[in-house]
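Each remark here refers to the structure printed beneath this line.
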Amino acid sequence: AVVSTQSTGTEDRGMDAEERVYDPYITKDDEGNPILLMMYNQDRDNYAIEGGTLEQLVELLYSGNAPDADYIQTFLLGYKMFMQPEELMSMLISKFEESEDYPVDVSEMVKLRLTNILTQWIERVWVDFHYSDVMKEKVDRFNDLISSEH
């Protein structure tokens, strides 16, 4: 669980955007270990994700106030560099199941976002599912979870 975020604080020292280009914004876990690294993006005047733990990167797909469409697309096109499709699908299923423990409004939002992520994944990277019986079974499992909601 994320308990705090830290910035190097250059924005507080009156530095302009060019000086903040290499200003890291680091999210830390309960023990204070860095788990998510974001770097300042001068063109967009915000922070861009540079790295993080596997769990944190997957969580960014469905958490927050609004899903980041660019992040979702980039993640789905490049995730196989650091994990297998079966692992990602298992994480999405697990998060769908865990969301039952959340307040109703949060649970519904997480489930909807997870369903949308899976839909985009199947549409954009269909080959991950087409040749894998394991992935087809996992999609069936996800569909069963959705069906049991109604």
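Letters for chains follow the order of the structure tokens (A, B, ...), residue numbers begin at 1 for each chain, and ligand numbers begin at 1 in the order shown.
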Q: List every residue of range 47-116 of chain A that DSSP, applied to the backbone of this structure, assigns to strand (DSSP E or B), and report them as a ChimeraX atom specification.
A: /A:47-52
Residue selection dump (C-alpha atoms) as a CSV table (one decimal), in the first residue's frame:
chain,number,residue,atom,x,y,z
A,47,TYR,CA,5.1,13.9,-14.3
A,48,ALA,CA,5.5,10.8,-16.5
A,49,ILE,CA,5.9,7.3,-15.2
A,50,GLU,CA,9.4,6.0,-15.5
A,51,GLY,CA,9.3,2.8,-13.5
A,52,GLY,CA,7.8,1.0,-10.5
Q: Determine, counting only C-alpha atoms, which protein, DNA and RNA residues have an atom within 12 Å of an atom of Leu77 in chain A; residues of the same chain fewer than 4 positions away are not included. Present the result as a ChimeraX atom specification.
A: /A:70-73,81-83,85,120-128
Written file, previous selection with all heavy atoms, as a short mmCIF file (atom, residue, chain, number, x, y, z; two decimals), in the first residue's frame:
data_model
loop_
_atom_site.label_atom_id
_atom_site.label_comp_id
_atom_site.auth_asym_id
_atom_site.auth_seq_id
_atom_site.Cartn_x
_atom_site.Cartn_y
_atom_site.Cartn_z
N ASP A 70 -3.46 6.92 -22.54
CA ASP A 70 -2.12 6.74 -23.11
C ASP A 70 -1.34 5.70 -22.33
O ASP A 70 -0.65 4.87 -22.90
CB ASP A 70 -1.34 8.06 -23.12
CG ASP A 70 -1.89 9.07 -24.10
OD1 ASP A 70 -2.58 8.66 -25.07
OD2 ASP A 70 -1.64 10.27 -23.90
N TYR A 71 -1.43 5.76 -21.00
CA TYR A 71 -0.72 4.78 -20.17
C TYR A 71 -1.25 3.37 -20.44
O TYR A 71 -0.47 2.42 -20.59
CB TYR A 71 -0.84 5.12 -18.68
CG TYR A 71 -0.19 4.06 -17.82
CD1 TYR A 71 1.19 3.97 -17.74
CD2 TYR A 71 -0.96 3.14 -17.12
CE1 TYR A 71 1.79 2.99 -16.97
CE2 TYR A 71 -0.37 2.15 -16.35
CZ TYR A 71 1.01 2.08 -16.27
OH TYR A 71 1.61 1.10 -15.53
N ILE A 72 -2.56 3.22 -20.49
CA ILE A 72 -3.15 1.90 -20.72
C ILE A 72 -2.67 1.34 -22.06
O ILE A 72 -2.25 0.19 -22.15
CB ILE A 72 -4.69 1.95 -20.65
CG1 ILE A 72 -5.13 2.28 -19.22
CG2 ILE A 72 -5.31 0.65 -21.14
CD1 ILE A 72 -6.60 2.60 -19.08
N GLN A 73 -2.73 2.14 -23.10
CA GLN A 73 -2.30 1.68 -24.42
C GLN A 73 -0.81 1.31 -24.41
O GLN A 73 -0.43 0.26 -24.92
CB GLN A 73 -2.57 2.74 -25.48
CG GLN A 73 -2.13 2.30 -26.86
CD GLN A 73 -2.53 3.28 -27.94
OE1 GLN A 73 -3.39 4.11 -27.76
NE2 GLN A 73 -1.90 3.17 -29.09
N MET A 81 7.53 -7.18 -21.99
CA MET A 81 8.95 -7.01 -21.74
C MET A 81 9.29 -7.39 -20.30
O MET A 81 10.44 -7.68 -19.99
CB MET A 81 9.38 -5.57 -22.03
CG MET A 81 9.29 -5.24 -23.50
SD MET A 81 9.58 -3.50 -23.94
CE MET A 81 10.81 -2.96 -22.84
N PHE A 82 8.29 -7.40 -19.40
CA PHE A 82 8.57 -7.69 -18.00
C PHE A 82 7.60 -8.67 -17.34
O PHE A 82 7.73 -8.96 -16.16
CB PHE A 82 8.64 -6.39 -17.18
CG PHE A 82 7.45 -5.48 -17.37
CD1 PHE A 82 6.31 -5.63 -16.63
CD2 PHE A 82 7.51 -4.46 -18.31
CE1 PHE A 82 5.23 -4.79 -16.79
CE2 PHE A 82 6.43 -3.60 -18.48
CZ PHE A 82 5.29 -3.77 -17.72
N MET A 83 6.64 -9.19 -18.07
CA MET A 83 5.74 -10.20 -17.53
C MET A 83 5.05 -10.95 -18.65
O MET A 83 5.02 -10.50 -19.79
CB MET A 83 4.71 -9.56 -16.58
CG MET A 83 3.67 -8.71 -17.27
SD MET A 83 2.56 -7.76 -16.17
CE MET A 83 1.88 -8.98 -15.10
N PRO A 85 1.61 -12.79 -20.41
CA PRO A 85 0.17 -12.49 -20.48
C PRO A 85 -0.64 -13.19 -19.39
O PRO A 85 -1.54 -12.59 -18.80
CB PRO A 85 -0.24 -13.00 -21.87
CG PRO A 85 1.02 -12.99 -22.66
CD PRO A 85 2.13 -13.28 -21.70
N GLN A 120 -10.00 -3.64 -24.10
CA GLN A 120 -8.97 -3.00 -24.92
C GLN A 120 -7.84 -3.98 -25.24
O GLN A 120 -7.32 -3.99 -26.36
CB GLN A 120 -8.40 -1.78 -24.19
CG GLN A 120 -9.36 -0.63 -24.12
CD GLN A 120 -8.75 0.54 -23.38
OE1 GLN A 120 -7.65 0.97 -23.71
NE2 GLN A 120 -9.45 1.04 -22.37
N TRP A 121 -7.46 -4.76 -24.27
CA TRP A 121 -6.38 -5.73 -24.46
C TRP A 121 -6.75 -6.73 -25.55
O TRP A 121 -5.97 -7.00 -26.45
CB TRP A 121 -6.12 -6.42 -23.13
CG TRP A 121 -4.96 -7.37 -23.07
CD1 TRP A 121 -3.99 -7.58 -24.01
CD2 TRP A 121 -4.65 -8.24 -21.99
NE1 TRP A 121 -3.10 -8.52 -23.57
CE2 TRP A 121 -3.49 -8.93 -22.33
CE3 TRP A 121 -5.25 -8.50 -20.76
CZ2 TRP A 121 -2.90 -9.88 -21.48
CZ3 TRP A 121 -4.66 -9.43 -19.92
CH2 TRP A 121 -3.51 -10.11 -20.28
N ILE A 122 -7.96 -7.27 -25.47
CA ILE A 122 -8.40 -8.24 -26.48
C ILE A 122 -8.47 -7.58 -27.86
O ILE A 122 -8.09 -8.19 -28.86
CB ILE A 122 -9.76 -8.85 -26.08
CG1 ILE A 122 -9.58 -9.75 -24.84
CG2 ILE A 122 -10.36 -9.64 -27.24
CD1 ILE A 122 -10.88 -10.21 -24.21
N GLU A 123 -8.95 -6.35 -27.93
CA GLU A 123 -9.06 -5.66 -29.22
C GLU A 123 -7.71 -5.31 -29.82
O GLU A 123 -7.51 -5.42 -31.02
CB GLU A 123 -9.88 -4.37 -29.05
CG GLU A 123 -11.35 -4.61 -28.82
CD GLU A 123 -12.12 -3.33 -28.51
OE1 GLU A 123 -11.49 -2.26 -28.33
OE2 GLU A 123 -13.36 -3.41 -28.43
N ARG A 124 -6.77 -4.87 -28.99
CA ARG A 124 -5.48 -4.35 -29.50
C ARG A 124 -4.39 -5.39 -29.59
O ARG A 124 -3.49 -5.27 -30.42
CB ARG A 124 -5.01 -3.20 -28.61
CG ARG A 124 -5.93 -2.03 -28.70
CD ARG A 124 -5.49 -0.90 -27.83
NE ARG A 124 -6.45 0.20 -27.98
CZ ARG A 124 -6.47 1.24 -27.20
NH1 ARG A 124 -5.61 1.36 -26.22
NH2 ARG A 124 -7.36 2.18 -27.40
N VAL A 125 -4.42 -6.38 -28.71
CA VAL A 125 -3.35 -7.39 -28.68
C VAL A 125 -4.01 -8.77 -28.68
O VAL A 125 -3.72 -9.62 -27.86
CB VAL A 125 -2.44 -7.19 -27.44
CG1 VAL A 125 -1.12 -7.95 -27.63
CG2 VAL A 125 -2.15 -5.73 -27.16
N TRP A 126 -4.90 -8.98 -29.63
CA TRP A 126 -5.69 -10.20 -29.68
C TRP A 126 -4.84 -11.47 -29.76
O TRP A 126 -5.26 -12.53 -29.32
CB TRP A 126 -6.67 -10.14 -30.86
CG TRP A 126 -5.99 -9.97 -32.18
CD1 TRP A 126 -5.72 -8.79 -32.81
CD2 TRP A 126 -5.46 -11.00 -33.02
NE1 TRP A 126 -5.06 -9.03 -33.99
CE2 TRP A 126 -4.89 -10.38 -34.15
CE3 TRP A 126 -5.42 -12.39 -32.94
CZ2 TRP A 126 -4.28 -11.09 -35.18
CZ3 TRP A 126 -4.81 -13.10 -33.96
CH2 TRP A 126 -4.25 -12.45 -35.06
N VAL A 127 -3.64 -11.35 -30.30
CA VAL A 127 -2.77 -12.52 -30.44
C VAL A 127 -2.43 -13.14 -29.07
O VAL A 127 -2.17 -14.34 -28.98
CB VAL A 127 -1.50 -12.18 -31.25
CG1 VAL A 127 -0.53 -11.32 -30.44
CG2 VAL A 127 -0.82 -13.44 -31.77
N ASP A 128 -2.46 -12.35 -28.00
CA ASP A 128 -2.21 -12.88 -26.66
C ASP A 128 -3.26 -13.92 -26.27
O ASP A 128 -3.01 -14.76 -25.40
CB ASP A 128 -2.22 -11.76 -25.62
CG ASP A 128 -1.00 -10.87 -25.69
OD1 ASP A 128 -0.09 -11.16 -26.49
OD2 ASP A 128 -0.96 -9.87 -24.95
#
Q.
Residues within 9 Å of Leu92 in chain A, please, as a PyMOL selection string. Count only C-alpha atoms; anything in the same chain fewer than 5 positions from it doesn't count.
A. chain A and resi 58+87+97+114-115+117-118+142
How would the residues just chosen look if you wrote them out with C-alpha atoms as a compact mmCIF listing (two decimals), in the first residue's frame?
# COMPACT_ATOMS: atom_id res chain seq x y z
CA VAL A 58 -0.68 -2.76 -13.00
CA GLU A 87 0.48 -13.30 -15.14
CA GLU A 97 -12.25 -10.57 -6.91
CA LEU A 114 -10.86 -3.78 -15.24
CA THR A 115 -13.50 -4.88 -17.74
CA ILE A 117 -8.88 -2.83 -19.78
CA LEU A 118 -9.56 -6.45 -20.73
CA PHE A 142 -13.28 -13.21 -15.91
Near-Lys111 in chain A list (10 Å; only C-alpha atoms; drop same-chain fewer than 2 positions) as a PDB file with all heavy atoms, in the first residue's frame:
ATOM      1  N   TYR A  62      -6.029   0.915 -13.465  1.00  0.00           N
ATOM      2  CA  TYR A  62      -7.428   1.050 -13.059  1.00  0.00           C
ATOM      3  C   TYR A  62      -7.656   1.990 -11.877  1.00  0.00           C
ATOM      4  O   TYR A  62      -8.787   2.239 -11.494  1.00  0.00           O
ATOM      5  CB  TYR A  62      -8.019  -0.322 -12.718  1.00  0.00           C
ATOM      6  CG  TYR A  62      -7.280  -1.045 -11.627  1.00  0.00           C
ATOM      7  CD1 TYR A  62      -7.560  -0.784 -10.296  1.00  0.00           C
ATOM      8  CD2 TYR A  62      -6.278  -1.948 -11.922  1.00  0.00           C
ATOM      9  CE1 TYR A  62      -6.861  -1.418  -9.297  1.00  0.00           C
ATOM     10  CE2 TYR A  62      -5.578  -2.587 -10.933  1.00  0.00           C
ATOM     11  CZ  TYR A  62      -5.879  -2.325  -9.614  1.00  0.00           C
ATOM     12  OH  TYR A  62      -5.170  -2.959  -8.624  1.00  0.00           O
ATOM     13  N   LEU A  92      -5.374  -9.234 -13.009  1.00  0.00           N
ATOM     14  CA  LEU A  92      -6.640  -8.543 -13.248  1.00  0.00           C
ATOM     15  C   LEU A  92      -7.809  -9.309 -12.614  1.00  0.00           C
ATOM     16  O   LEU A  92      -8.698  -8.710 -12.002  1.00  0.00           O
ATOM     17  CB  LEU A  92      -6.875  -8.340 -14.743  1.00  0.00           C
ATOM     18  CG  LEU A  92      -5.862  -7.464 -15.481  1.00  0.00           C
ATOM     19  CD1 LEU A  92      -6.220  -7.366 -16.960  1.00  0.00           C
ATOM     20  CD2 LEU A  92      -5.743  -6.088 -14.863  1.00  0.00           C
ATOM     21  N   ILE A  93      -7.785 -10.622 -12.747  1.00  0.00           N
ATOM     22  CA  ILE A  93      -8.839 -11.452 -12.136  1.00  0.00           C
ATOM     23  C   ILE A  93      -8.796 -11.314 -10.619  1.00  0.00           C
ATOM     24  O   ILE A  93      -9.827 -11.123  -9.966  1.00  0.00           O
ATOM     25  CB  ILE A  93      -8.687 -12.929 -12.559  1.00  0.00           C
ATOM     26  CG1 ILE A  93      -9.059 -13.087 -14.032  1.00  0.00           C
ATOM     27  CG2 ILE A  93      -9.542 -13.841 -11.680  1.00  0.00           C
ATOM     28  CD1 ILE A  93      -8.719 -14.449 -14.620  1.00  0.00           C
ATOM     29  N   LYS A  95      -7.642  -8.854  -8.822  1.00  0.00           N
ATOM     30  CA  LYS A  95      -8.092  -7.523  -8.412  1.00  0.00           C
ATOM     31  C   LYS A  95      -9.610  -7.415  -8.529  1.00  0.00           C
ATOM     32  O   LYS A  95     -10.256  -6.798  -7.692  1.00  0.00           O
ATOM     33  CB  LYS A  95      -7.415  -6.450  -9.260  1.00  0.00           C
ATOM     34  CG  LYS A  95      -7.714  -5.050  -8.842  1.00  0.00           C
ATOM     35  CD  LYS A  95      -7.576  -4.790  -7.349  1.00  0.00           C
ATOM     36  CE  LYS A  95      -6.191  -4.934  -6.818  1.00  0.00           C
ATOM     37  NZ  LYS A  95      -6.082  -4.611  -5.372  1.00  0.00           N
ATOM     38  N   PHE A  96     -10.198  -8.027  -9.549  1.00  0.00           N
ATOM     39  CA  PHE A  96     -11.654  -8.028  -9.695  1.00  0.00           C
ATOM     40  C   PHE A  96     -12.279  -8.696  -8.469  1.00  0.00           C
ATOM     41  O   PHE A  96     -13.234  -8.179  -7.887  1.00  0.00           O
ATOM     42  CB  PHE A  96     -12.054  -8.756 -10.978  1.00  0.00           C
ATOM     43  CG  PHE A  96     -13.479  -8.540 -11.383  1.00  0.00           C
ATOM     44  CD1 PHE A  96     -13.806  -7.593 -12.344  1.00  0.00           C
ATOM     45  CD2 PHE A  96     -14.496  -9.287 -10.824  1.00  0.00           C
ATOM     46  CE1 PHE A  96     -15.127  -7.388 -12.728  1.00  0.00           C
ATOM     47  CE2 PHE A  96     -15.816  -9.097 -11.194  1.00  0.00           C
ATOM     48  CZ  PHE A  96     -16.133  -8.145 -12.146  1.00  0.00           C
ATOM     49  N   GLU A  97     -11.724  -9.843  -8.076  1.00  0.00           N
ATOM     50  CA  GLU A  97     -12.247 -10.565  -6.911  1.00  0.00           C
ATOM     51  C   GLU A  97     -12.048  -9.763  -5.620  1.00  0.00           C
ATOM     52  O   GLU A  97     -12.951  -9.696  -4.786  1.00  0.00           O
ATOM     53  CB  GLU A  97     -11.570 -11.929  -6.796  1.00  0.00           C
ATOM     54  CG  GLU A  97     -11.941 -12.865  -7.918  1.00  0.00           C
ATOM     55  CD  GLU A  97     -11.115 -14.132  -7.968  1.00  0.00           C
ATOM     56  OE1 GLU A  97      -9.951 -14.128  -7.503  1.00  0.00           O
ATOM     57  OE2 GLU A  97     -11.636 -15.141  -8.476  1.00  0.00           O
ATOM     58  N   GLU A  98     -10.888  -9.150  -5.454  1.00  0.00           N
ATOM     59  CA  GLU A  98     -10.588  -8.354  -4.260  1.00  0.00           C
ATOM     60  C   GLU A  98     -11.495  -7.132  -4.147  1.00  0.00           C
ATOM     61  O   GLU A  98     -11.763  -6.665  -3.038  1.00  0.00           O
ATOM     62  CB  GLU A  98      -9.138  -7.869  -4.279  1.00  0.00           C
ATOM     63  CG  GLU A  98      -8.122  -8.938  -4.056  1.00  0.00           C
ATOM     64  CD  GLU A  98      -6.702  -8.423  -4.259  1.00  0.00           C
ATOM     65  OE1 GLU A  98      -6.491  -7.192  -4.212  1.00  0.00           O
ATOM     66  OE2 GLU A  98      -5.813  -9.250  -4.480  1.00  0.00           O
ATOM     67  N   SER A  99     -11.946  -6.616  -5.263  1.00  0.00           N
ATOM     68  CA  SER A  99     -12.746  -5.388  -5.238  1.00  0.00           C
ATOM     69  C   SER A  99     -14.074  -5.584  -4.515  1.00  0.00           C
ATOM     70  O   SER A  99     -14.726  -4.607  -4.154  1.00  0.00           O
ATOM     71  CB  SER A  99     -12.973  -4.865  -6.657  1.00  0.00           C
ATOM     72  OG  SER A  99     -13.819  -5.725  -7.384  1.00  0.00           O
ATOM     73  N   GLU A 100     -14.469  -6.824  -4.282  1.00  0.00           N
ATOM     74  CA  GLU A 100     -15.698  -7.094  -3.518  1.00  0.00           C
ATOM     75  C   GLU A 100     -15.610  -6.517  -2.110  1.00  0.00           C
ATOM     76  O   GLU A 100     -16.627  -6.199  -1.502  1.00  0.00           O
ATOM     77  CB  GLU A 100     -15.949  -8.603  -3.430  1.00  0.00           C
ATOM     78  CG  GLU A 100     -16.395  -9.235  -4.714  1.00  0.00           C
ATOM     79  CD  GLU A 100     -17.748  -8.715  -5.176  1.00  0.00           C
ATOM     80  OE1 GLU A 100     -18.640  -8.461  -4.324  1.00  0.00           O
ATOM     81  OE2 GLU A 100     -17.922  -8.552  -6.386  1.00  0.00           O
ATOM     82  N   VAL A 106     -16.636   2.301  -5.087  1.00  0.00           N
ATOM     83  CA  VAL A 106     -15.258   2.023  -5.514  1.00  0.00           C
ATOM     84  C   VAL A 106     -15.192   0.666  -6.207  1.00  0.00           C
ATOM     85  O   VAL A 106     -14.554   0.514  -7.249  1.00  0.00           O
ATOM     86  CB  VAL A 106     -14.287   2.072  -4.311  1.00  0.00           C
ATOM     87  CG1 VAL A 106     -12.881   1.649  -4.723  1.00  0.00           C
ATOM     88  CG2 VAL A 106     -14.276   3.453  -3.692  1.00  0.00           C
ATOM     89  N   SER A 107     -15.880  -0.317  -5.650  1.00  0.00           N
ATOM     90  CA  SER A 107     -15.904  -1.655  -6.223  1.00  0.00           C
ATOM     91  C   SER A 107     -16.443  -1.637  -7.656  1.00  0.00           C
ATOM     92  O   SER A 107     -15.860  -2.228  -8.561  1.00  0.00           O
ATOM     93  CB  SER A 107     -16.758  -2.579  -5.356  1.00  0.00           C
ATOM     94  OG  SER A 107     -16.883  -3.847  -5.942  1.00  0.00           O
ATOM     95  N   GLU A 108     -17.532  -0.932  -7.863  1.00  0.00           N
ATOM     96  CA  GLU A 108     -18.130  -0.847  -9.198  1.00  0.00           C
ATOM     97  C   GLU A 108     -17.200  -0.149 -10.181  1.00  0.00           C
ATOM     98  O   GLU A 108     -17.069  -0.578 -11.332  1.00  0.00           O
ATOM     99  CB  GLU A 108     -19.478  -0.141  -9.132  1.00  0.00           C
ATOM    100  CG  GLU A 108     -20.544  -0.966  -8.453  1.00  0.00           C
ATOM    101  CD  GLU A 108     -21.864  -0.225  -8.293  1.00  0.00           C
ATOM    102  OE1 GLU A 108     -21.959   0.952  -8.684  1.00  0.00           O
ATOM    103  OE2 GLU A 108     -22.803  -0.851  -7.777  1.00  0.00           O
ATOM    104  N   MET A 109     -16.519   0.908  -9.727  1.00  0.00           N
ATOM    105  CA  MET A 109     -15.590   1.632 -10.592  1.00  0.00           C
ATOM    106  C   MET A 109     -14.422   0.730 -10.991  1.00  0.00           C
ATOM    107  O   MET A 109     -14.049   0.657 -12.158  1.00  0.00           O
ATOM    108  CB  MET A 109     -15.055   2.883  -9.892  1.00  0.00           C
ATOM    109  CG  MET A 109     -14.050   3.657 -10.727  1.00  0.00           C
ATOM    110  SD  MET A 109     -12.977   4.743  -9.760  1.00  0.00           S
ATOM    111  CE  MET A 109     -12.131   3.585  -8.715  1.00  0.00           C
ATOM    112  N   ARG A 113     -13.538  -0.532 -14.773  1.00  0.00           N
ATOM    113  CA  ARG A 113     -12.235  -0.237 -15.380  1.00  0.00           C
ATOM    114  C   ARG A 113     -11.486  -1.506 -15.762  1.00  0.00           C
ATOM    115  O   ARG A 113     -10.871  -1.566 -16.828  1.00  0.00           O
ATOM    116  CB  ARG A 113     -11.399   0.623 -14.438  1.00  0.00           C
ATOM    117  CG  ARG A 113     -11.933   2.037 -14.353  1.00  0.00           C
ATOM    118  CD  ARG A 113     -11.081   2.899 -13.485  1.00  0.00           C
ATOM    119  NE  ARG A 113     -11.628   4.255 -13.408  1.00  0.00           N
ATOM    120  CZ  ARG A 113     -11.125   5.195 -12.644  1.00  0.00           C
ATOM    121  NH1 ARG A 113     -10.073   4.953 -11.899  1.00  0.00           N
ATOM    122  NH2 ARG A 113     -11.676   6.395 -12.627  1.00  0.00           N
ATOM    123  N   LEU A 114     -11.523  -2.514 -14.911  1.00  0.00           N
ATOM    124  CA  LEU A 114     -10.857  -3.777 -15.243  1.00  0.00           C
ATOM    125  C   LEU A 114     -11.481  -4.413 -16.481  1.00  0.00           C
ATOM    126  O   LEU A 114     -10.777  -4.940 -17.347  1.00  0.00           O
ATOM    127  CB  LEU A 114     -10.911  -4.736 -14.053  1.00  0.00           C
ATOM    128  CG  LEU A 114     -10.054  -4.358 -12.853  1.00  0.00           C
ATOM    129  CD1 LEU A 114     -10.418  -5.215 -11.644  1.00  0.00           C
ATOM    130  CD2 LEU A 114      -8.576  -4.471 -13.175  1.00  0.00           C
ATOM    131  N   THR A 115     -12.801  -4.348 -16.569  1.00  0.00           N
ATOM    132  CA  THR A 115     -13.495  -4.883 -17.738  1.00  0.00           C
ATOM    133  C   THR A 115     -13.098  -4.110 -18.991  1.00  0.00           C
ATOM    134  O   THR A 115     -12.851  -4.706 -20.054  1.00  0.00           O
ATOM    135  CB  THR A 115     -15.019  -4.831 -17.520  1.00  0.00           C
ATOM    136  OG1 THR A 115     -15.337  -5.565 -16.326  1.00  0.00           O
ATOM    137  CG2 THR A 115     -15.763  -5.418 -18.702  1.00  0.00           C
ATOM    138  N   ASN A 116     -13.010  -2.796 -18.893  1.00  0.00           N
ATOM    139  CA  ASN A 116     -12.590  -1.986 -20.038  1.00  0.00           C
ATOM    140  C   ASN A 116     -11.151  -2.281 -20.446  1.00  0.00           C
ATOM    141  O   ASN A 116     -10.834  -2.305 -21.637  1.00  0.00           O
ATOM    142  CB  ASN A 116     -12.763  -0.495 -19.729  1.00  0.00           C
ATOM    143  CG  ASN A 116     -14.213  -0.083 -19.724  1.00  0.00           C
ATOM    144  OD1 ASN A 116     -15.056  -0.711 -20.352  1.00  0.00           O
ATOM    145  ND2 ASN A 116     -14.513   0.971 -18.996  1.00  0.00           N
ATOM    146  N   ILE A 117     -10.280  -2.498 -19.474  1.00  0.00           N
ATOM    147  CA  ILE A 117      -8.885  -2.834 -19.782  1.00  0.00           C
ATOM    148  C   ILE A 117      -8.827  -4.149 -20.532  1.00  0.00           C
ATOM    149  O   ILE A 117      -8.129  -4.272 -21.542  1.00  0.00           O
ATOM    150  CB  ILE A 117      -8.044  -2.881 -18.488  1.00  0.00           C
ATOM    151  CG1 ILE A 117      -7.879  -1.471 -17.937  1.00  0.00           C
ATOM    152  CG2 ILE A 117      -6.681  -3.532 -18.741  1.00  0.00           C
ATOM    153  CD1 ILE A 117      -7.442  -1.425 -16.487  1.00  0.00           C
ATOM    154  N   LEU A 145     -16.992 -14.105 -13.567  1.00  0.00           N
ATOM    155  CA  LEU A 145     -17.041 -13.136 -12.476  1.00  0.00           C
ATOM    156  C   LEU A 145     -18.006 -11.991 -12.804  1.00  0.00           C
ATOM    157  O   LEU A 145     -18.783 -11.562 -11.952  1.00  0.00           O
ATOM    158  CB  LEU A 145     -15.645 -12.565 -12.194  1.00  0.00           C
ATOM    159  CG  LEU A 145     -14.644 -13.524 -11.568  1.00  0.00           C
ATOM    160  CD1 LEU A 145     -13.259 -12.904 -11.551  1.00  0.00           C
ATOM    161  CD2 LEU A 145     -15.080 -13.894 -10.154  1.00  0.00           C
ATOM    162  N   ILE A 146     -17.949 -11.528 -14.042  1.00  0.00           N
ATOM    163  CA  ILE A 146     -18.859 -10.454 -14.462  1.00  0.00           C
ATOM    164  C   ILE A 146     -20.298 -10.941 -14.418  1.00  0.00           C
ATOM    165  O   ILE A 146     -21.190 -10.249 -13.932  1.00  0.00           O
ATOM    166  CB  ILE A 146     -18.506  -9.961 -15.876  1.00  0.00           C
ATOM    167  CG1 ILE A 146     -17.140  -9.279 -15.869  1.00  0.00           C
ATOM    168  CG2 ILE A 146     -19.567  -9.005 -16.406  1.00  0.00           C
ATOM    169  CD1 ILE A 146     -16.581  -8.986 -17.247  1.00  0.00           C
ATOM    170  N   GLU A 149     -22.112 -11.060 -11.151  1.00  0.00           N
ATOM    171  CA  GLU A 149     -22.469  -9.760 -10.593  1.00  0.00           C
ATOM    172  C   GLU A 149     -23.923  -9.408 -10.861  1.00  0.00           C
ATOM    173  O   GLU A 149     -24.487  -8.543 -10.221  1.00  0.00           O
ATOM    174  CB  GLU A 149     -21.575  -8.659 -11.192  1.00  0.00           C
ATOM    175  CG  GLU A 149     -20.126  -8.783 -10.825  1.00  0.00           C
ATOM    176  CD  GLU A 149     -19.902  -8.520  -9.345  1.00  0.00           C
ATOM    177  OE1 GLU A 149     -20.386  -7.504  -8.844  1.00  0.00           O
ATOM    178  OE2 GLU A 149     -19.244  -9.360  -8.707  1.00  0.00           O
TER     179      GLU A 149
END
Q | Of the listed residues A:Pro103, A:Arg141, A:Lys80, A:Val110, that which approaches Gly64 in chain A most closely, counting only C-alpha atoms | A | A:Val110
Q) Pick the closest to Leu57 in chain A from A:Gly78, A:Asp30, A:Asp140, A:Ser94: which is it, counting only C-alpha atoms? A)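 Checking each candidate against Leu57 in chain A, we get A:Gly78 as the closest.
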